[in-house]
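> Sharing run_6.tsv (TSV, N, CA and C atoms) below.
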```
chain	number	residue	atom	x	y	z
A	1	MET	N	0.83	-1.20	0.00
A	1	MET	CA	0.00	0.00	0.00
A	1	MET	C	0.88	1.26	0.00
A	2	GLN	N	1.90	1.24	0.81
A	2	GLN	CA	2.79	2.40	0.89
A	2	GLN	C	3.57	2.55	-0.42
A	3	PHE	N	3.96	1.43	-1.02
A	3	PHE	CA	4.68	1.46	-2.30
A	3	PHE	C	3.80	2.07	-3.39
A	4	GLN	N	2.51	1.70	-3.41
A	4	GLN	CA	1.59	2.25	-4.41
A	4	GLN	C	1.46	3.76	-4.26
A	5	LEU	N	1.39	4.22	-3.04
A	5	LEU	CA	1.27	5.65	-2.79
A	5	LEU	C	2.50	6.40	-3.31
A	6	ILE	N	3.67	5.84	-3.08
A	6	ILE	CA	4.91	6.46	-3.56
A	6	ILE	C	4.91	6.51	-5.09
A	7	VAL	N	4.51	5.43	-5.73
A	7	VAL	CA	4.47	5.40	-7.20
A	7	VAL	C	3.48	6.43	-7.73
A	8	ILE	N	2.31	6.50	-7.13
A	8	ILE	CA	1.29	7.48	-7.56
A	8	ILE	C	1.81	8.90	-7.41
A	9	LEU	N	2.46	9.17	-6.30
A	9	LEU	CA	3.02	10.51	-6.08
A	9	LEU	C	4.12	10.84	-7.09
A	10	LEU	N	4.96	9.87	-7.42
A	10	LEU	CA	6.00	10.10	-8.42
A	10	LEU	C	5.40	10.37	-9.80
A	11	VAL	N	4.38	9.61	-10.19
A	11	VAL	CA	3.72	9.84	-11.48
A	11	VAL	C	3.08	11.22	-11.50
A	12	ALA	N	2.44	11.61	-10.40
A	12	ALA	CA	1.82	12.93	-10.32
A	12	ALA	C	2.88	14.03	-10.44
A	13	LEU	N	4.02	13.83	-9.79
A	13	LEU	CA	5.10	14.82	-9.85
A	13	LEU	C	5.62	14.96	-11.28
A	14	VAL	N	5.80	13.85	-11.97
A	14	VAL	CA	6.27	13.89	-13.36
A	14	VAL	C	5.25	14.61	-14.24
A	15	LEU	N	3.96	14.32	-14.05
A	15	LEU	CA	2.93	14.99	-14.85
A	15	LEU	C	2.91	16.49	-14.59
A	16	ILE	N	3.11	16.88	-13.35
A	16	ILE	CA	3.15	18.32	-13.02
A	16	ILE	C	4.34	18.98	-13.69
A	17	LEU	N	5.50	18.31	-13.64
A	17	LEU	CA	6.69	18.86	-14.28
A	17	LEU	C	6.51	18.98	-15.80
A	18	VAL	N	5.92	17.98	-16.43
A	18	VAL	CA	5.67	18.03	-17.88
A	18	VAL	C	4.72	19.18	-18.20
A	19	THR	N	3.70	19.37	-17.37
A	19	THR	CA	2.73	20.43	-17.60
A	19	THR	C	3.38	21.81	-17.50
A	20	VAL	N	4.21	21.99	-16.50
A	20	VAL	CA	4.84	23.29	-16.28
A	20	VAL	C	5.85	23.59	-17.40
A	21	GLN	N	6.58	22.57	-17.84
A	21	GLN	CA	7.62	22.80	-18.83
A	21	GLN	C	7.09	22.82	-20.27
A	22	ASN	N	5.88	22.36	-20.49
A	22	ASN	CA	5.30	22.32	-21.84
A	22	ASN	C	3.91	22.97	-21.86
A	23	PRO	N	3.86	24.29	-21.68
A	23	PRO	CA	2.55	24.95	-21.64
A	23	PRO	C	1.93	25.19	-23.02
A	24	ASN	N	2.71	25.01	-24.07
A	24	ASN	CA	2.22	25.31	-25.42
A	24	ASN	C	1.23	24.25	-25.89
A	25	PRO	N	0.18	24.68	-26.55
A	25	PRO	CA	-0.78	23.71	-27.11
A	25	PRO	C	-0.17	23.00	-28.32
A	26	VAL	N	-0.66	21.80	-28.56
A	26	VAL	CA	-0.16	20.99	-29.68
A	26	VAL	C	-1.33	20.64	-30.59
A	27	THR	N	-1.01	20.17	-31.79
A	27	THR	CA	-2.03	19.71	-32.73
A	27	THR	C	-2.06	18.20	-32.70
A	28	LEU	N	-3.23	17.64	-32.54
A	28	LEU	CA	-3.40	16.19	-32.49
A	28	LEU	C	-4.12	15.74	-33.75
A	29	GLN	N	-3.53	14.76	-34.45
A	29	GLN	CA	-4.14	14.21	-35.65
A	29	GLN	C	-4.35	12.73	-35.44
A	30	PHE	N	-5.59	12.29	-35.67
A	30	PHE	CA	-5.93	10.88	-35.54
A	30	PHE	C	-6.87	10.51	-36.67
A	31	LEU	N	-6.39	9.63	-37.57
A	31	LEU	CA	-7.12	9.26	-38.79
A	31	LEU	C	-7.51	10.52	-39.53
A	32	SER	N	-8.79	10.83	-39.66
A	32	SER	CA	-9.19	12.05	-40.38
A	32	SER	C	-9.60	13.16	-39.41
A	33	TRP	N	-9.35	12.95	-38.14
A	33	TRP	CA	-9.76	13.90	-37.11
A	33	TRP	C	-8.57	14.76	-36.70
A	34	ASP	N	-8.74	16.07	-36.66
A	34	ASP	CA	-7.69	17.00	-36.23
A	34	ASP	C	-8.19	17.82	-35.06
A	35	ALA	N	-7.31	17.97	-34.07
A	35	ALA	CA	-7.62	18.83	-32.93
A	35	ALA	C	-6.45	19.78	-32.74
A	36	GLU	N	-6.72	21.05	-32.87
A	36	GLU	CA	-5.66	22.05	-32.74
A	36	GLU	C	-5.78	22.76	-31.40
A	37	GLY	N	-4.66	23.09	-30.84
A	37	GLY	CA	-4.65	23.85	-29.59
A	37	GLY	C	-4.95	23.02	-28.36
A	38	VAL	N	-4.67	21.74	-28.42
A	38	VAL	CA	-4.91	20.87	-27.27
A	38	VAL	C	-3.68	20.89	-26.37
A	39	PRO	N	-3.86	21.17	-25.08
A	39	PRO	CA	-2.70	21.13	-24.18
A	39	PRO	C	-2.09	19.73	-24.12
A	40	LEU	N	-0.76	19.69	-24.05
A	40	LEU	CA	-0.05	18.42	-24.04
A	40	LEU	C	-0.48	17.55	-22.86
A	41	ILE	N	-0.75	18.15	-21.73
A	41	ILE	CA	-1.13	17.37	-20.54
A	41	ILE	C	-2.44	16.62	-20.77
A	42	VAL	N	-3.35	17.20	-21.56
A	42	VAL	CA	-4.61	16.53	-21.85
A	42	VAL	C	-4.36	15.26	-22.64
A	43	ILE	N	-3.47	15.34	-23.61
A	43	ILE	CA	-3.14	14.16	-24.42
A	43	ILE	C	-2.47	13.10	-23.55
A	44	ILE	N	-1.56	13.53	-22.69
A	44	ILE	CA	-0.88	12.59	-21.81
A	44	ILE	C	-1.87	11.92	-20.86
A	45	LEU	N	-2.77	12.69	-20.28
A	45	LEU	CA	-3.76	12.13	-19.34
A	45	LEU	C	-4.72	11.18	-20.05
A	46	LEU	N	-5.15	11.53	-21.26
A	46	LEU	CA	-6.03	10.63	-22.02
A	46	LEU	C	-5.32	9.32	-22.35
A	47	SER	N	-4.05	9.41	-22.71
A	47	SER	CA	-3.27	8.19	-22.99
A	47	SER	C	-3.12	7.34	-21.73
A	48	LEU	N	-2.86	7.99	-20.62
A	48	LEU	CA	-2.73	7.29	-19.34
A	48	LEU	C	-4.04	6.59	-18.97
A	49	MET	N	-5.15	7.29	-19.13
A	49	MET	CA	-6.45	6.70	-18.79
A	49	MET	C	-6.78	5.53	-19.72
A	50	ALA	N	-6.45	5.65	-21.00
A	50	ALA	CA	-6.70	4.56	-21.93
A	50	ALA	C	-5.89	3.33	-21.54
A	51	GLY	N	-4.65	3.54	-21.15
A	51	GLY	CA	-3.81	2.42	-20.70
A	51	GLY	C	-4.35	1.77	-19.44
A	52	ILE	N	-4.82	2.57	-18.50
A	52	ILE	CA	-5.38	2.04	-17.26
A	52	ILE	C	-6.63	1.22	-17.55
A	53	ILE	N	-7.48	1.73	-18.43
A	53	ILE	CA	-8.72	1.02	-18.75
A	53	ILE	C	-8.42	-0.31	-19.45
A	54	MET	N	-7.50	-0.29	-20.42
A	54	MET	CA	-7.17	-1.53	-21.13
A	54	MET	C	-6.53	-2.56	-20.21
A	55	SER	N	-5.63	-2.13	-19.35
A	55	SER	CA	-5.00	-3.09	-18.44
A	55	SER	C	-5.99	-3.60	-17.40
A	56	SER	N	-6.93	-2.77	-16.98
A	56	SER	CA	-7.96	-3.21	-16.03
A	56	SER	C	-8.86	-4.28	-16.65
A	57	ILE	N	-9.26	-4.07	-17.88
A	57	ILE	CA	-10.10	-5.06	-18.57
A	57	ILE	C	-9.34	-6.37	-18.74
A	58	SER	N	-8.09	-6.27	-19.13
A	58	SER	CA	-7.26	-7.47	-19.30
A	58	SER	C	-7.12	-8.22	-17.98
A	59	SER	N	-6.87	-7.50	-16.91
A	59	SER	CA	-6.73	-8.12	-15.58
A	59	SER	C	-8.04	-8.75	-15.13
A	60	LEU	N	-9.15	-8.11	-15.42
A	60	LEU	CA	-10.45	-8.63	-15.02
A	60	LEU	C	-10.74	-9.95	-15.73
A	61	VAL	N	-10.45	-10.02	-17.02
A	61	VAL	CA	-10.66	-11.26	-17.78
A	61	VAL	C	-9.80	-12.38	-17.19
A	62	LYS	N	-8.56	-12.08	-16.91
A	62	LYS	CA	-7.66	-13.09	-16.34
A	62	LYS	C	-8.15	-13.54	-14.96
A	63	GLN	N	-8.63	-12.60	-14.16
A	63	GLN	CA	-9.12	-12.92	-12.82
A	63	GLN	C	-10.34	-13.84	-12.90
A	64	VAL	N	-11.24	-13.59	-13.82
A	64	VAL	CA	-12.42	-14.44	-13.98
A	64	VAL	C	-12.01	-15.85	-14.37
A	65	LYS	N	-11.07	-15.98	-15.29
A	65	LYS	CA	-10.60	-17.30	-15.70
A	65	LYS	C	-9.94	-18.04	-14.54
A	66	LEU	N	-9.16	-17.32	-13.74
A	66	LEU	CA	-8.51	-17.96	-12.59
A	66	LEU	C	-9.53	-18.40	-11.54
A	67	LYS	N	-10.58	-17.62	-11.32
A	67	LYS	CA	-11.61	-18.01	-10.36
A	67	LYS	C	-12.33	-19.26	-10.83
A	68	GLU	N	-12.60	-19.36	-12.13
A	68	GLU	CA	-13.23	-20.57	-12.67
A	68	GLU	C	-12.32	-21.78	-12.45
A	69	LYS	N	-11.04	-21.61	-12.67
A	69	LYS	CA	-10.08	-22.70	-12.47
A	69	LYS	C	-10.03	-23.12	-11.00
A	70	ILE	N	-10.06	-22.15	-10.10
A	70	ILE	CA	-10.05	-22.44	-8.66
A	70	ILE	C	-11.28	-23.24	-8.28
A	71	ARG	N	-12.46	-22.83	-8.76
A	71	ARG	CA	-13.69	-23.57	-8.45
A	71	ARG	C	-13.62	-25.00	-8.96
A	72	SER	N	-13.10	-25.16	-10.16
A	72	SER	CA	-12.98	-26.49	-10.75
A	72	SER	C	-12.04	-27.36	-9.91
A	73	LEU	N	-10.93	-26.80	-9.49
A	73	LEU	CA	-9.98	-27.56	-8.68
A	73	LEU	C	-10.53	-27.86	-7.29
A	74	GLN	N	-11.31	-26.94	-6.73
A	74	GLN	CA	-11.93	-27.20	-5.43
A	74	GLN	C	-12.94	-28.34	-5.51
A	75	ARG	N	-13.71	-28.37	-6.61
A	75	ARG	CA	-14.65	-29.48	-6.80
A	75	ARG	C	-13.90	-30.81	-6.91
A	76	GLU	N	-12.80	-30.77	-7.64
A	76	GLU	CA	-12.00	-31.98	-7.80
A	76	GLU	C	-11.43	-32.44	-6.46
A	77	ILE	N	-10.99	-31.51	-5.65
A	77	ILE	CA	-10.47	-31.87	-4.31
A	77	ILE	C	-11.56	-32.51	-3.47
A	78	GLU	N	-12.76	-31.91	-3.50
A	78	GLU	CA	-13.87	-32.47	-2.73
A	78	GLU	C	-14.22	-33.88	-3.21
A	79	GLU	N	-14.19	-34.09	-4.50
A	79	GLU	CA	-14.48	-35.42	-5.04
A	79	GLU	C	-13.43	-36.43	-4.61
A	80	LEU	N	-12.19	-35.99	-4.53
A	80	LEU	CA	-11.13	-36.89	-4.11
A	80	LEU	C	-11.16	-37.15	-2.61
A	81	LYS	N	-11.62	-36.18	-1.84
A	81	LYS	CA	-11.74	-36.37	-0.38
A	81	LYS	C	-12.85	-37.35	-0.05
A	82	TYR	N	-13.97	-37.16	-0.70
A	82	TYR	CA	-15.15	-37.96	-0.42
A	82	TYR	C	-15.61	-38.65	-1.71
A	83	PRO	N	-14.97	-39.74	-2.06
A	83	PRO	CA	-15.36	-40.40	-3.31
A	83	PRO	C	-16.78	-40.94	-3.25
A	84	SER	N	-17.42	-40.92	-4.36
A	84	SER	CA	-18.80	-41.40	-4.44
A	84	SER	C	-18.80	-42.92	-4.32
A	85	LEU	N	-19.73	-43.44	-3.53
A	85	LEU	CA	-19.84	-44.88	-3.36
A	85	LEU	C	-20.56	-45.52	-4.52
A	86	VAL	N	-21.29	-44.71	-5.26
A	86	VAL	CA	-22.04	-45.20	-6.40
A	86	VAL	C	-21.38	-44.68	-7.67
A	87	THR	N	-21.17	-45.56	-8.64
A	87	THR	CA	-20.54	-45.14	-9.88
A	87	THR	C	-21.57	-44.48	-10.80
A	88	GLU	N	-21.08	-43.80	-11.79
A	88	GLU	CA	-21.96	-43.14	-12.76
A	88	GLU	C	-22.82	-44.16	-13.51
A	89	GLU	N	-22.25	-45.30	-13.81
A	89	GLU	CA	-23.00	-46.35	-14.53
A	89	GLU	C	-24.18	-46.84	-13.69
A	90	GLU	N	-23.95	-47.01	-12.40
A	90	GLU	CA	-25.03	-47.47	-11.53
A	90	GLU	C	-26.14	-46.43	-11.44
A	91	ILE	N	-25.77	-45.17	-11.43
A	91	ILE	CA	-26.77	-44.10	-11.38
A	91	ILE	C	-27.59	-44.11	-12.65
A	92	GLN	N	-26.95	-44.26	-13.79
A	92	GLN	CA	-27.67	-44.29	-15.07
A	92	GLN	C	-28.61	-45.49	-15.15
A	93	LYS	N	-28.16	-46.65	-14.70
A	93	LYS	CA	-29.00	-47.85	-14.71
A	93	LYS	C	-30.21	-47.65	-13.82
A	94	THR	N	-30.01	-47.04	-12.67
A	94	THR	CA	-31.12	-46.79	-11.75
A	94	THR	C	-32.12	-45.80	-12.37
A	95	GLU	N	-31.60	-44.79	-13.02
A	95	GLU	CA	-32.48	-43.81	-13.66
A	95	GLU	C	-33.30	-44.44	-14.78
A	96	GLU	N	-32.65	-45.31	-15.54
A	96	GLU	CA	-33.34	-46.00	-16.64
A	96	GLU	C	-34.45	-46.90	-16.10
A	97	LYS	N	-34.20	-47.56	-14.99
A	97	LYS	CA	-35.21	-48.45	-14.39
A	97	LYS	C	-36.40	-47.65	-13.85
A	98	THR	N	-36.10	-46.49	-13.27
A	98	THR	CA	-37.20	-45.68	-12.71
A	98	THR	C	-38.03	-45.03	-13.81
A	99	GLU	N	-37.45	-44.78	-14.97
A	99	GLU	CA	-38.17	-44.18	-16.07
A	99	GLU	C	-39.12	-45.18	-16.72
A	100	LYS	N	-38.80	-46.44	-16.67
A	100	LYS	CA	-39.64	-47.47	-17.30
A	100	LYS	C	-40.78	-47.79	-16.42
```
Mind converting the file's structure to structure tokens?

Amino acid sequence: MQFQLIVILLVALVLILVTVQNPNPVTLQFLSWDAEGVPLIVIILLSLMAGIIMSSISSLVKQVKLKEKIRSLQREIEELKYPSLVTEEEIQKTEEKTEK
């Protein structure tokens, strides 16, 4: 937690220094879109936010997959701890008899 705070403060300090040293507006061109007079800090912050959003989505997908794997492994552990006394074949035979 303390390490994260230090990193956040360092990033904020760098952004402040970039803002102070680069007050001139820049022209941004993207595909057929042009934006003139955009402050450099706005472009930097938008890029930073886009990176945060993309990495958050990527982490979320990975976390969901890992949780599914954990649940699967927990079920397998439970099955190995308490093995079923009845086999799948016996269950199917019983079901077939009850249906008739």
> Which of chain A end up as alpha helix (DSSP H) when DSSP is run on this backbone - answer as a PyMOL selection string?
chain A and resi 2-21+40-81+88-99
> Quick one, how far is atom N of Ile44 in chain A from CA of Leu17 in chain A?
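About the pair atom N of Ile44 in chain A and CA of Leu17 in chain A: they are 12.9 Å apart.
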> Report as a list in words: the residues of chain A with a DSSP assignment of strand (DSSP E), based on the backbone of this structure.
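The residues of chain A classed as strand (DSSP E) are Pro25, Val26, Thr27, Leu28, Gln29, Phe30, Trp33, Asp34, Ala35, Glu36, Gly37, Val38 and Pro39 of chain A.
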> Point out the residue among A:Leu31, A:Leu48, A:Ile77, A:Val38 with the least atom-to-atom distance to Leu15 in chain A, counting only C-alpha atoms.
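Of all the options, A:Leu48 lies closest to Leu15 in chain A.
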> Hey, can you check how far atom N of Val26 in chain A sits from CA of Met49 in chain A?
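For atom N of Val26 in chain A relative to CA of Met49 in chain A, the distance reads 18.9 Å.
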> Could you give me the axis-aligned bounding box of range 59-70 of chain A, with 3 Å of padding per side, as centre plus edge lengths in Å to one decimal, as AutoDock Vina command-line options?

```
--center_x -10.0 --center_y -15.4 --center_z -13.0 --size_x 12.5 --size_y 21.7 --size_z 15.5
```
> What's the separation between atom C of Leu45 in chain A and CA of Ile57 in chain A, in Å to one decimal place?
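Distance reported for this atom pair: 17.2 Å.
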> Counting all atoms listed in the file, figure out which residue out of A:Leu66, A:Val42, A:Val61, A:Ile53 gets nearest to Thr19 in chain A.
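Smallest separation from Thr19 in chain A among the options: A:Val42.
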> Please identify all polymer residues lying at most 9 Å from the point (-5.2, 10.3, -30.7) (file coordinates), using only C-alpha atoms, and present the result as a ChimeraX atom specification.
/A:28-31,33,43,46-47
> Which one of A:Leu10, A:Met54, A:Pro39, A:Thr94 sits closest to Asn24 in chain A if you count all atoms listed in the file?
A:Pro39
